[in-house]
Structure formats: structure tokens, C-alpha cells
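Dropping query.pdb in here (PDB, C-alpha atoms and all ligand atoms):
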```pdb
ATOM      1  CA  MET A   1       4.076  80.433 -33.022  1.00  0.00           C
ATOM      2  CA  ASN A   2       4.640  83.277 -30.597  1.00  0.00           C
ATOM      3  CA  ILE A   3       2.848  82.604 -27.311  1.00  0.00           C
ATOM      4  CA  GLU A   4       1.879  84.735 -24.308  1.00  0.00           C
ATOM      5  CA  LEU A   5       1.895  81.982 -21.712  1.00  0.00           C
ATOM      6  CA  ALA A   6       2.672  78.308 -21.300  1.00  0.00           C
ATOM      7  CA  ILE A   7       1.021  75.638 -19.183  1.00  0.00           C
ATOM      8  CA  LEU A   8       2.584  72.382 -18.031  1.00  0.00           C
ATOM      9  CA  LEU A   9       0.470  69.629 -16.505  1.00  0.00           C
ATOM     10  CA  GLY A  10       2.170  66.881 -14.486  1.00  0.00           C
ATOM     11  CA  SER A  11      -0.288  64.385 -15.982  1.00  0.00           C
ATOM     12  CA  ASP A  12      -3.217  64.266 -18.373  1.00  0.00           C
ATOM     13  CA  SER A  13      -5.314  63.495 -15.260  1.00  0.00           C
ATOM     14  CA  ASP A  14      -4.788  67.166 -14.264  1.00  0.00           C
ATOM     15  CA  PHE A  15      -6.531  68.401 -17.423  1.00  0.00           C
ATOM     16  CA  PRO A  16     -10.147  68.580 -16.107  1.00  0.00           C
ATOM     17  CA  TYR A  17      -9.056  71.122 -13.483  1.00  0.00           C
ATOM     18  CA  MET A  18      -7.521  73.371 -16.151  1.00  0.00           C
ATOM     19  CA  GLU A  19     -10.313  73.078 -18.726  1.00  0.00           C
ATOM     20  CA  LYS A  20     -12.375  76.114 -17.620  1.00  0.00           C
ATOM     21  CA  GLY A  21      -9.323  78.391 -17.776  1.00  0.00           C
ATOM     22  CA  LEU A  22      -8.311  77.035 -21.184  1.00  0.00           C
ATOM     23  CA  LYS A  23     -11.788  77.850 -22.517  1.00  0.00           C
ATOM     24  CA  LEU A  24     -11.329  81.414 -21.256  1.00  0.00           C
ATOM     25  CA  LEU A  25      -7.958  81.715 -23.024  1.00  0.00           C
ATOM     26  CA  LYS A  26      -9.554  80.487 -26.245  1.00  0.00           C
ATOM     27  CA  ASN A  27     -12.502  82.883 -25.901  1.00  0.00           C
ATOM     28  CA  MET A  28     -10.050  85.729 -25.345  1.00  0.00           C
ATOM     29  CA  ASN A  29      -7.938  84.650 -28.356  1.00  0.00           C
ATOM     30  CA  ILE A  30      -4.775  84.411 -26.268  1.00  0.00           C
ATOM     31  CA  ASN A  31      -1.901  82.420 -27.795  1.00  0.00           C
ATOM     32  CA  PHE A  32      -0.719  79.739 -25.389  1.00  0.00           C
ATOM     33  CA  ASP A  33       1.004  76.369 -25.376  1.00  0.00           C
ATOM     34  CA  ILE A  34       0.133  73.428 -23.142  1.00  0.00           C
ATOM     35  CA  GLU A  35       2.007  70.176 -22.610  1.00  0.00           C
ATOM     36  CA  VAL A  36       1.923  67.211 -20.260  1.00  0.00           C
ATOM     37  CA  SER A  37       5.290  66.499 -18.666  1.00  0.00           C
ATOM     38  CA  SER A  38       6.259  65.158 -15.272  1.00  0.00           C
ATOM     39  CA  ALA A  39       9.130  66.285 -13.059  1.00  0.00           C
ATOM     40  CA  HIS A  40       9.618  62.626 -12.096  1.00  0.00           C
ATOM     41  CA  ARG A  41       8.563  60.537 -15.072  1.00  0.00           C
ATOM     42  CA  THR A  42       9.984  62.714 -17.876  1.00  0.00           C
ATOM     43  CA  PRO A  43      12.561  65.002 -16.200  1.00  0.00           C
ATOM     44  CA  ASP A  44      14.631  65.727 -19.331  1.00  0.00           C
ATOM     45  CA  ARG A  45      11.555  66.520 -21.432  1.00  0.00           C
ATOM     46  CA  THR A  46      10.337  68.905 -18.725  1.00  0.00           C
ATOM     47  CA  ILE A  47      13.584  70.885 -18.891  1.00  0.00           C
ATOM     48  CA  ASP A  48      13.523  70.893 -22.714  1.00  0.00           C
ATOM     49  CA  LEU A  49       9.958  72.234 -22.659  1.00  0.00           C
ATOM     50  CA  VAL A  50      10.931  75.151 -20.415  1.00  0.00           C
ATOM     51  CA  LYS A  51      13.514  76.193 -23.021  1.00  0.00           C
ATOM     52  CA  LYS A  52      10.932  75.738 -25.795  1.00  0.00           C
ATOM     53  CA  PHE A  53       8.450  77.951 -23.921  1.00  0.00           C
ATOM     54  CA  GLU A  54      11.099  80.644 -23.417  1.00  0.00           C
ATOM     55  CA  ASP A  55      12.003  80.529 -27.123  1.00  0.00           C
ATOM     56  CA  SER A  56       8.305  80.854 -28.032  1.00  0.00           C
ATOM     57  CA  GLY A  57       8.055  84.129 -26.112  1.00  0.00           C
ATOM     58  CA  ALA A  58       6.092  82.930 -23.059  1.00  0.00           C
ATOM     59  CA  LYS A  59       6.033  85.582 -20.338  1.00  0.00           C
ATOM     60  CA  VAL A  60       4.670  83.315 -17.607  1.00  0.00           C
ATOM     61  CA  ILE A  61       4.620  79.554 -17.021  1.00  0.00           C
ATOM     62  CA  ILE A  62       1.788  77.851 -15.134  1.00  0.00           C
ATOM     63  CA  ALA A  63       2.603  74.439 -13.682  1.00  0.00           C
ATOM     64  CA  ALA A  64      -0.087  72.197 -12.217  1.00  0.00           C
ATOM     65  CA  ALA A  65       0.752  69.021 -10.349  1.00  0.00           C
ATOM     66  CA  GLY A  66      -0.604  66.751  -7.661  1.00  0.00           C
ATOM     67  CA  GLY A  67       0.887  64.613  -4.885  1.00  0.00           C
ATOM     68  CA  ALA A  68       4.642  65.095  -4.417  1.00  0.00           C
ATOM     69  CA  ALA A  69       4.234  68.093  -6.695  1.00  0.00           C
ATOM     70  CA  HIS A  70       7.785  69.014  -7.659  1.00  0.00           C
ATOM     71  CA  LEU A  71       6.941  70.243 -11.161  1.00  0.00           C
ATOM     72  CA  PRO A  72       6.614  74.023 -10.450  1.00  0.00           C
ATOM     73  CA  GLY A  73       9.861  74.092  -8.432  1.00  0.00           C
ATOM     74  CA  VAL A  74      11.794  72.113 -11.041  1.00  0.00           C
ATOM     75  CA  ILE A  75      10.574  74.516 -13.753  1.00  0.00           C
ATOM     76  CA  ALA A  76      11.357  77.599 -11.640  1.00  0.00           C
ATOM     77  CA  ALA A  77      14.921  76.322 -11.206  1.00  0.00           C
ATOM     78  CA  GLN A  78      15.342  76.412 -15.011  1.00  0.00           C
ATOM     79  CA  THR A  79      13.958  79.859 -15.839  1.00  0.00           C
ATOM     80  CA  GLN A  80      13.639  83.449 -14.684  1.00  0.00           C
ATOM     81  CA  LEU A  81      10.084  83.627 -16.017  1.00  0.00           C
ATOM     82  CA  PRO A  82       7.486  83.852 -13.243  1.00  0.00           C
ATOM     83  CA  VAL A  83       6.208  80.358 -12.412  1.00  0.00           C
ATOM     84  CA  LEU A  84       2.665  79.999 -11.073  1.00  0.00           C
ATOM     85  CA  GLY A  85       2.173  76.678  -9.298  1.00  0.00           C
ATOM     86  CA  VAL A  86      -1.226  75.047  -8.901  1.00  0.00           C
ATOM     87  CA  PRO A  87      -1.712  72.166  -6.452  1.00  0.00           C
ATOM     88  CA  ILE A  88      -4.017  69.494  -7.871  1.00  0.00           C
ATOM     89  CA  THR A  89      -6.409  67.378  -5.818  1.00  0.00           C
ATOM     90  CA  SER A  90      -4.808  64.071  -4.773  1.00  0.00           C
ATOM     91  CA  SER A  91      -5.525  61.097  -2.509  1.00  0.00           C
ATOM     92  CA  LEU A  92      -4.695  63.464   0.384  1.00  0.00           C
ATOM     93  CA  SER A  93      -7.180  66.057  -1.012  1.00  0.00           C
ATOM     94  CA  GLY A  94      -4.373  68.138  -2.476  1.00  0.00           C
ATOM     95  CA  ILE A  95      -2.973  69.269   0.886  1.00  0.00           C
ATOM     96  CA  ASP A  96       0.223  67.355   0.039  1.00  0.00           C
ATOM     97  CA  SER A  97       0.404  69.107  -3.362  1.00  0.00           C
ATOM     98  CA  LEU A  98      -0.219  72.499  -1.723  1.00  0.00           C
ATOM     99  CA  TYR A  99       2.491  72.070   0.902  1.00  0.00           C
ATOM    100  CA  SER A 100       4.901  70.724  -1.690  1.00  0.00           C
ATOM    101  CA  ILE A 101       4.440  73.717  -4.006  1.00  0.00           C
ATOM    102  CA  VAL A 102       4.091  76.498  -1.435  1.00  0.00           C
ATOM    103  CA  GLN A 103       7.074  75.534   0.696  1.00  0.00           C
ATOM    104  CA  MET A 104       9.865  76.407  -1.741  1.00  0.00           C
ATOM    105  CA  PRO A 105      13.143  76.905   0.115  1.00  0.00           C
ATOM    106  CA  GLY A 106      14.346  80.533  -0.157  1.00  0.00           C
ATOM    107  CA  GLY A 107      16.078  81.423  -3.429  1.00  0.00           C
ATOM    108  CA  ILE A 108      13.816  80.029  -6.157  1.00  0.00           C
ATOM    109  CA  PRO A 109      10.276  81.440  -5.860  1.00  0.00           C
ATOM    110  CA  VAL A 110       7.067  79.809  -7.047  1.00  0.00           C
ATOM    111  CA  ALA A 111       3.774  81.717  -6.716  1.00  0.00           C
ATOM    112  CA  THR A 112       1.238  79.266  -5.319  1.00  0.00           C
ATOM    113  CA  PHE A 113      -2.502  79.150  -5.957  1.00  0.00           C
ATOM    114  CA  GLY A 114      -5.468  77.361  -4.391  1.00  0.00           C
ATOM    115  CA  ILE A 115      -6.079  73.630  -4.818  1.00  0.00           C
ATOM    116  CA  GLY A 116      -7.856  72.394  -7.933  1.00  0.00           C
ATOM    117  CA  GLN A 117     -10.098  74.137 -10.434  1.00  0.00           C
ATOM    118  CA  SER A 118     -10.318  77.555  -8.747  1.00  0.00           C
ATOM    119  CA  GLY A 119      -6.545  77.587  -8.386  1.00  0.00           C
ATOM    120  CA  CYS A 120      -6.109  76.731 -12.078  1.00  0.00           C
ATOM    121  CA  PHE A 121      -8.597  79.424 -13.127  1.00  0.00           C
ATOM    122  CA  ASN A 122      -7.020  82.073 -10.899  1.00  0.00           C
ATOM    123  CA  ALA A 123      -3.520  81.142 -12.096  1.00  0.00           C
ATOM    124  CA  ILE A 124      -4.641  81.780 -15.671  1.00  0.00           C
ATOM    125  CA  LEU A 125      -6.242  85.109 -14.716  1.00  0.00           C
ATOM    126  CA  PHE A 126      -3.165  86.099 -12.726  1.00  0.00           C
ATOM    127  CA  ALA A 127      -0.883  85.179 -15.636  1.00  0.00           C
ATOM    128  CA  LEU A 128      -2.987  87.427 -17.885  1.00  0.00           C
ATOM    129  CA  GLN A 129      -2.758  90.243 -15.327  1.00  0.00           C
ATOM    130  CA  ILE A 130       1.051  89.932 -15.298  1.00  0.00           C
ATOM    131  CA  ILE A 131       1.149  90.031 -19.105  1.00  0.00           C
ATOM    132  CA  SER A 132      -1.324  92.940 -19.191  1.00  0.00           C
ATOM    133  CA  VAL A 133       1.208  95.214 -17.467  1.00  0.00           C
ATOM    134  CA  ASN A 134       2.703  95.704 -20.943  1.00  0.00           C
ATOM    135  CA  ASN A 135      -0.289  94.806 -23.082  1.00  0.00           C
ATOM    136  CA  GLU A 136      -3.283  97.153 -23.359  1.00  0.00           C
ATOM    137  CA  GLU A 137      -5.306  94.669 -25.417  1.00  0.00           C
ATOM    138  CA  ILE A 138      -5.123  92.017 -22.696  1.00  0.00           C
ATOM    139  CA  LYS A 139      -5.834  94.672 -20.042  1.00  0.00           C
ATOM    140  CA  GLU A 140      -9.090  95.461 -21.885  1.00  0.00           C
ATOM    141  CA  LYS A 141      -9.973  91.753 -22.174  1.00  0.00           C
ATOM    142  CA  ILE A 142      -9.595  91.320 -18.406  1.00  0.00           C
ATOM    143  CA  LYS A 143     -11.749  94.406 -17.832  1.00  0.00           C
ATOM    144  CA  ASN A 144     -14.482  92.894 -20.048  1.00  0.00           C
ATOM    145  CA  PHE A 145     -14.202  89.525 -18.303  1.00  0.00           C
ATOM    146  CA  ARG A 146     -14.754  91.190 -14.918  1.00  0.00           C
ATOM    147  CA  LYS A 147     -17.721  93.137 -16.258  1.00  0.00           C
ATOM    148  CA  GLU A 148     -19.329  89.907 -17.537  1.00  0.00           C
ATOM    149  CA  GLN A 149     -18.569  88.207 -14.227  1.00  0.00           C
ATOM    150  CA  GLN A 150     -20.286  91.031 -12.320  1.00  0.00           C
ATOM    151  CA  GLU A 151     -23.337  90.798 -14.588  1.00  0.00           C
ATOM    152  CA  SER A 152     -23.582  87.040 -14.002  1.00  0.00           C
ATOM    153  CA  VAL A 153     -23.573  87.586 -10.202  1.00  0.00           C
ATOM    154  CA  LEU A 154     -26.421  90.103 -10.566  1.00  0.00           C
ATOM    155  CA  GLN A 155     -28.362  87.613 -12.703  1.00  0.00           C
ATOM    156  CA  LYS A 156     -27.792  84.858 -10.122  1.00  0.00           C
ATOM    157  CA  SER A 157     -29.037  87.157  -7.368  1.00  0.00           C
ATOM    158  CA  ALA A 158     -32.189  88.024  -9.350  1.00  0.00           C
ATOM    159  CA  LYS A 159     -32.850  84.310 -10.058  1.00  0.00           C
ATOM    160  CA  LEU A 160     -32.410  83.450  -6.382  1.00  0.00           C
ATOM    161  CA  LYS A 161     -34.953  86.118  -5.432  1.00  0.00           C
ATOM    162  CA  GLU A 162     -37.427  84.640  -7.947  1.00  0.00           C
ATOM    163  CA  LYS A 163     -36.918  81.219  -6.326  1.00  0.00           C
ATOM    164  CA  ILE A 164     -37.442  82.626  -2.840  1.00  0.00           C
ATOM    165  CA  ASP A 165     -40.620  84.413  -3.943  1.00  0.00           C
ATOM    166  CA  LYS A 166     -42.027  81.025  -5.023  1.00  0.00           C
ATOM    167  CA  LEU A 167     -41.323  79.337  -1.647  1.00  0.00           C
TER     168      LEU A 167
HETATM  169  C1  LIG B 201       1.391  64.249 -10.606  1.00  0.00           C
HETATM  170  O1  LIG B 201       0.874  63.040 -10.163  1.00  0.00           O
HETATM  171  C2  LIG B 201       0.414  64.732 -11.625  1.00  0.00           C
HETATM  172  O2  LIG B 201       0.445  66.124 -11.690  1.00  0.00           O
HETATM  173  C3  LIG B 201      -0.926  64.220 -11.146  1.00  0.00           C
HETATM  174  O3  LIG B 201      -1.652  65.217 -10.430  1.00  0.00           O
HETATM  175  C4  LIG B 201      -0.542  63.078 -10.204  1.00  0.00           C
HETATM  176  C5  LIG B 201      -1.094  61.760 -10.606  1.00  0.00           C
HETATM  177  O4  LIG B 201      -0.703  61.470 -11.931  1.00  0.00           O
HETATM  178  P1  LIG B 201      -1.301  60.205 -12.705  1.00  0.00           P
HETATM  179  O5  LIG B 201      -0.909  58.992 -11.910  1.00  0.00           O
HETATM  180  O6  LIG B 201      -2.803  60.414 -12.750  1.00  0.00           O
HETATM  181  O7  LIG B 201      -0.696  60.237 -14.075  1.00  0.00           O
HETATM  182  O8  LIG B 201       2.668  64.116 -11.136  1.00  0.00           O
END
```
Serialized structure, C-alpha cells:
Amino acid sequence: MNIELAILLGSDSDFPYMEKGLKLLKNMNINFDIEVSSAHRTPDRTIDLVKKFEDSGAKVIIAAAGGAAHLPGVIAAQTQLPVLGVPITSSLSGIDSLYSIVQMPGGIPVATFGIGQSGCFNAILFALQIISVNNEEIKEKIKNFRKEQQESVLQKSAKLKEKIDKL
């Protein structure tokens, strides 16, 4: 199957943070691949998966990992595709993951997102924005997503006013 983007999770325990973004990809009918593979526990498999993603046509790779989060950097070393790294919450609240991913030594870049679910969701949106540079259909899907998001904020505001009126 030809895919637009690929996602690698360092562990299945990272999945809950990615779930909201995966639902969005499914709702948008975007072809993607997702695998669990660790930079430490399955290093050879991780490298093989990067090649598989490239062969499948992925234009961006998202890598989410927690703790000593080497996964995005290890992937970036193996490919010229843009790698979006997401730090996952850990026993140190994800600050360790954030520092690990954001502080790539010069030469092999990794774009770094916020810790946890918002970071995962934004990484998926950002990946779609990168792909949309050459894809009008995806550009339109992002436009619609933003429109729906705006409408939901307006609805929340109206509901809050109703609540305040009842105080
Ligand atoms: C990282 O270690 C994973 O990305 C995960 O966030 C963290 C803990 O993994 P598990 O011990 O839950 O498998 O490699």
C-alpha cells in the first residue's frame, strides 16, 4: 500500500497519546502506517522499518518516545525524510524525553513537538501540512478541519455563557 506518512512508537504504552491523531487520519481517509519499535530494544527492526516506510512512499515520519528518547534521532540518521519527534510523558513528566529529542547535535535535524497528546496531535497536523504543499486534496481537508475546530470553539463559548447565565 502507498502511504502518505508513517508513525513509529517506541512502545505500545505510547499509543494512548497518539490515538486522537490516528482517529483524525482515519476520518480524513489518509493512508498511513504505524508500528511499535524501540531504538534500544529492537534497533535492527527500527532501521528496517525506516526503509520499509521509504519504500511505501511516506513523505514524513513521526516518532514518539519517552524517557531516554533516542528513537527520532536514530530514525533521522537513516533517512532524509523529515522526522517529527514527539516526547512522551515519563516518570520525569516527559522533560527527559523533551530534552533528549530537542537537543539533537548539529547535522541531523529532528523537528520537536510538545510533550504528550497535544504534541502527538500537532505532529500529525504538521505532517499533513508538509504533505499538503504538493497535495490539494489534503490542503482542503486541513481547511475543513480548521473550520470544524473554529465552530466547536464557538459552540463551547455559547455553552459557557448558558452556564454562567444559570449561576
Ligand atoms: C520508550 O520507553 C517508549 O517510547 C516509552 O515511552 C517508554 C517506556 O516504554 P515501556 O517500558 O512502557 O515499554 O522507549
Matched chain/residue IDs from the PyMOL selection byres (((chain A and resi 13) around 10) and not hetatm), as an mmCIF file with C-alpha atoms, in the coordinates of the input:
```
data_model
loop_
_atom_site.group_PDB
_atom_site.id
_atom_site.type_symbol
_atom_site.label_atom_id
_atom_site.label_comp_id
_atom_site.auth_asym_id
_atom_site.auth_seq_id
_atom_site.Cartn_x
_atom_site.Cartn_y
_atom_site.Cartn_z
ATOM 1 C CA LEU A 9 0.470 69.629 -16.505
ATOM 2 C CA GLY A 10 2.170 66.881 -14.486
ATOM 3 C CA SER A 11 -0.288 64.385 -15.982
ATOM 4 C CA ASP A 12 -3.217 64.266 -18.373
ATOM 5 C CA ASP A 14 -4.788 67.166 -14.264
ATOM 6 C CA PHE A 15 -6.531 68.401 -17.423
ATOM 7 C CA PRO A 16 -10.147 68.580 -16.107
ATOM 8 C CA TYR A 17 -9.056 71.122 -13.483
ATOM 9 C CA VAL A 36 1.923 67.211 -20.260
ATOM 10 C CA ALA A 65 0.752 69.021 -10.349
ATOM 11 C CA GLY A 66 -0.604 66.751 -7.661
ATOM 12 C CA ILE A 88 -4.017 69.494 -7.871
#
```
Notebook entry, point to check: Which residues match the PyMOL selection byres (((chain A and resi 47-49) around 12) and not hetatm) in the file above, as number ranges by chain?
Noted result: A: 6-9, 33-40, 42-46, 50-56, 58, 61, 63, 71-79
Check: Distance atom CA of A:Val153-atom CA of A:Lys23, one decimal place?
Finding: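 Computing the Euclidean distance for atom CA of A:Val153 and atom CA of A:Lys23 yields 19.6 Å.
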Next item on the list: Quote the spacing between atom CA of A:Lys20 and atom CA of A:Ile108 in Å to one decimal place.
Entry: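 One can read the atom CA of A:Lys20 to atom CA of A:Ile108 distance as 28.9 Å.
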Could you make a table, as a tab-separated table, of the residues of stretch 77-151 of chain A that have an atom within 10 Å of an atom of stretch 1-4 of chain A, each with its nearest atom pair and distance in Å to one decimal, counting only C-alpha atoms, in chain and number order?
```
residue	atom	partner	partner_atom	distance
A:Ala127	CA	A:Glu4	CA	9.1
A:Leu128	CA	A:Glu4	CA	8.5
A:Ile131	CA	A:Glu4	CA	7.5
```
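Our summary of the geometry notes that atom CA of A:Pro87 is positioned 23.5 Å from atom CA of A:Ile30.
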Margin query: Would you pick out the contacts of A:Met18 at 10 Å or less, using only C-alpha atoms, so that residues sharing its chain but fewer than 5 positions from it are not included, and give the list as a ChimeraX atom specification?
Written below: /A:7,9,23,64,86,88,116-121,123-124
Next item on the list: Name the residues in contact with A:Gln129 at a cut-off of 10 Å, using all atoms listed in the file, excluding same-chain residues fewer than 6 positions from it; report them as a ChimeraX atom specification.
Entry: /A:123,135,138-139,142
Might I get the box with edges along x, y and z of the file that holds all atoms of ligand LIG 201 (chain B) listed there, padded by 4 Å on every side, given as centre and edge lengths in Å to one decimal, as AutoDock Vina command-line options?
```
--center_x -0.1 --center_y 62.6 --center_z -12.1 --size_x 13.5 --size_y 15.1 --size_z 11.9
```
Item checked: Given the PyMOL selection byres (((chain A and resi 97) around 6) and not hetatm), the residues it picks as a list in words ->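 Here the PyMOL selection byres (((chain A and resi 97) around 6) and not hetatm) matches Gly66, Gly67, Ala68, Ala69, Pro87, Gly94, Ile95, Asp96, Leu98, Tyr99 and Ser100 of chain A.
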Taking C-alpha atoms for each residue, export the selection above as an mmCIF file, keeping the file's coordinate frame.
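Result saved to again-v4.cif:
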```cif
data_model
loop_
_atom_site.group_PDB
_atom_site.id
_atom_site.type_symbol
_atom_site.label_atom_id
_atom_site.label_comp_id
_atom_site.auth_asym_id
_atom_site.auth_seq_id
_atom_site.Cartn_x
_atom_site.Cartn_y
_atom_site.Cartn_z
ATOM 1 C CA GLY A 66 -0.604 66.751 -7.661
ATOM 2 C CA GLY A 67 0.887 64.613 -4.885
ATOM 3 C CA ALA A 68 4.642 65.095 -4.417
ATOM 4 C CA ALA A 69 4.234 68.093 -6.695
ATOM 5 C CA PRO A 87 -1.712 72.166 -6.452
ATOM 6 C CA GLY A 94 -4.373 68.138 -2.476
ATOM 7 C CA ILE A 95 -2.973 69.269 0.886
ATOM 8 C CA ASP A 96 0.223 67.355 0.039
ATOM 9 C CA LEU A 98 -0.219 72.499 -1.723
ATOM 10 C CA TYR A 99 2.491 72.070 0.902
ATOM 11 C CA SER A 100 4.901 70.724 -1.690
#
```
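The closest residue to ligand LIG 201 (chain B), picked from A:Leu160, A:Ser91, A:Phe113, A:Gly106 and counting only C-alpha atoms and all ligand atoms, is A:Ser91.
Of the residues listed (A:Thr89, A:Asn27, A:Gln80, A:Ser157), A:Thr89 shows the shortest atom-to-atom separation from ligand LIG 201 (chain B); distances use all atoms listed in the file.
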Item checked: Closest of A:Leu92, A:Glu162, A:Lys59, A:Lys26 to ligand LIG 201 (chain B) - atom-to-atom distances counting only C-alpha atoms and all ligand atoms -> A:Leu92
Next item on the list: Can you pull out every residue within 7 Å of A:Ala111, counting only C-alpha atoms, but drop anything in the same chain fewer than 4 positions away, and send it as a PyMOL selection string?
Entry: chain A and resi 83-85
Let's have the selection written as a PDB file, keeping the file's coordinate frame, with C-alpha atoms.
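Just written: out-v8.pdb:
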```pdb
ATOM      1  CA  VAL A  83       6.208  80.358 -12.412  1.00  0.00           C
ATOM      2  CA  LEU A  84       2.665  79.999 -11.073  1.00  0.00           C
ATOM      3  CA  GLY A  85       2.173  76.678  -9.298  1.00  0.00           C
TER       4      GLY A  85
END
```
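With all atoms listed in the file as the atoms that count, the residue of A:Lys159, A:Leu81, A:Pro105, A:His70 with the shortest distance to A:Arg41 is A:His70.
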Note to self: Restricting the calculation to only C-alpha atoms and all ligand atoms: of A:Gly114, A:Lys141, A:Ser90, A:Leu125, which residue gets closest to ligand LIG 201 (chain B)?
What the structure shows: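 Among the listed residues, the smallest separation from ligand LIG 201 (chain B) belongs to A:Ser90.
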Check: Which one is closest to ligand LIG 201 (chain B): A:Ser152, A:Asn134, A:Ser93, A:Asn29? Count all atoms listed in the file.
Finding: A:Ser93
Residue rebuild result stretch 59-79 of chain A, N, CA and C atoms as a compact mmCIF listing (two decimals), in the coordinates of the input:
```txt
# COMPACT_ATOMS: atom_id res chain seq x y z
N LYS A 59 5.66 84.61 -21.38
CA LYS A 59 6.03 85.58 -20.34
C LYS A 59 5.80 85.02 -18.95
N VAL A 60 5.00 83.98 -18.88
CA VAL A 60 4.67 83.32 -17.61
C VAL A 60 4.51 81.83 -17.89
N ILE A 61 4.89 80.99 -16.90
CA ILE A 61 4.62 79.55 -17.02
C ILE A 61 3.74 79.11 -15.85
N ILE A 62 2.65 78.43 -16.17
CA ILE A 62 1.79 77.85 -15.13
C ILE A 62 2.12 76.37 -15.07
N ALA A 63 2.32 75.86 -13.84
CA ALA A 63 2.60 74.44 -13.68
C ALA A 63 1.63 73.85 -12.68
N ALA A 64 0.89 72.84 -13.10
CA ALA A 64 -0.09 72.20 -12.22
C ALA A 64 0.35 70.77 -11.95
N ALA A 65 0.34 70.38 -10.68
CA ALA A 65 0.75 69.02 -10.35
C ALA A 65 0.14 68.59 -9.03
N GLY A 66 -0.02 67.28 -8.88
CA GLY A 66 -0.60 66.75 -7.66
C GLY A 66 0.33 65.79 -6.95
N GLY A 67 0.07 65.54 -5.68
CA GLY A 67 0.89 64.61 -4.88
C GLY A 67 2.21 65.26 -4.50
N ALA A 68 3.31 64.52 -4.68
CA ALA A 68 4.64 65.10 -4.42
C ALA A 68 4.95 66.03 -5.58
N ALA A 69 4.35 67.22 -5.52
CA ALA A 69 4.23 68.09 -6.70
C ALA A 69 5.48 68.94 -6.91
N HIS A 70 6.51 68.31 -7.47
CA HIS A 70 7.78 69.01 -7.66
C HIS A 70 7.85 69.86 -8.93
N LEU A 71 6.86 69.64 -9.82
CA LEU A 71 6.94 70.24 -11.16
C LEU A 71 7.18 71.76 -11.16
N PRO A 72 6.38 72.56 -10.39
CA PRO A 72 6.61 74.02 -10.45
C PRO A 72 8.02 74.41 -9.99
N GLY A 73 8.53 73.77 -8.94
CA GLY A 73 9.86 74.09 -8.43
C GLY A 73 10.96 73.72 -9.42
N VAL A 74 10.80 72.56 -10.05
CA VAL A 74 11.79 72.11 -11.04
C VAL A 74 11.83 73.09 -12.22
N ILE A 75 10.64 73.55 -12.65
CA ILE A 75 10.57 74.52 -13.75
C ILE A 75 11.21 75.84 -13.33
N ALA A 76 10.84 76.30 -12.12
CA ALA A 76 11.36 77.60 -11.64
C ALA A 76 12.88 77.60 -11.57
N ALA A 77 13.46 76.43 -11.29
CA ALA A 77 14.92 76.32 -11.21
C ALA A 77 15.58 76.53 -12.56
N GLN A 78 14.79 76.37 -13.65
CA GLN A 78 15.34 76.41 -15.01
C GLN A 78 15.10 77.72 -15.74
N THR A 79 14.35 78.65 -15.11
CA THR A 79 13.96 79.86 -15.84
C THR A 79 13.81 81.04 -14.90
```
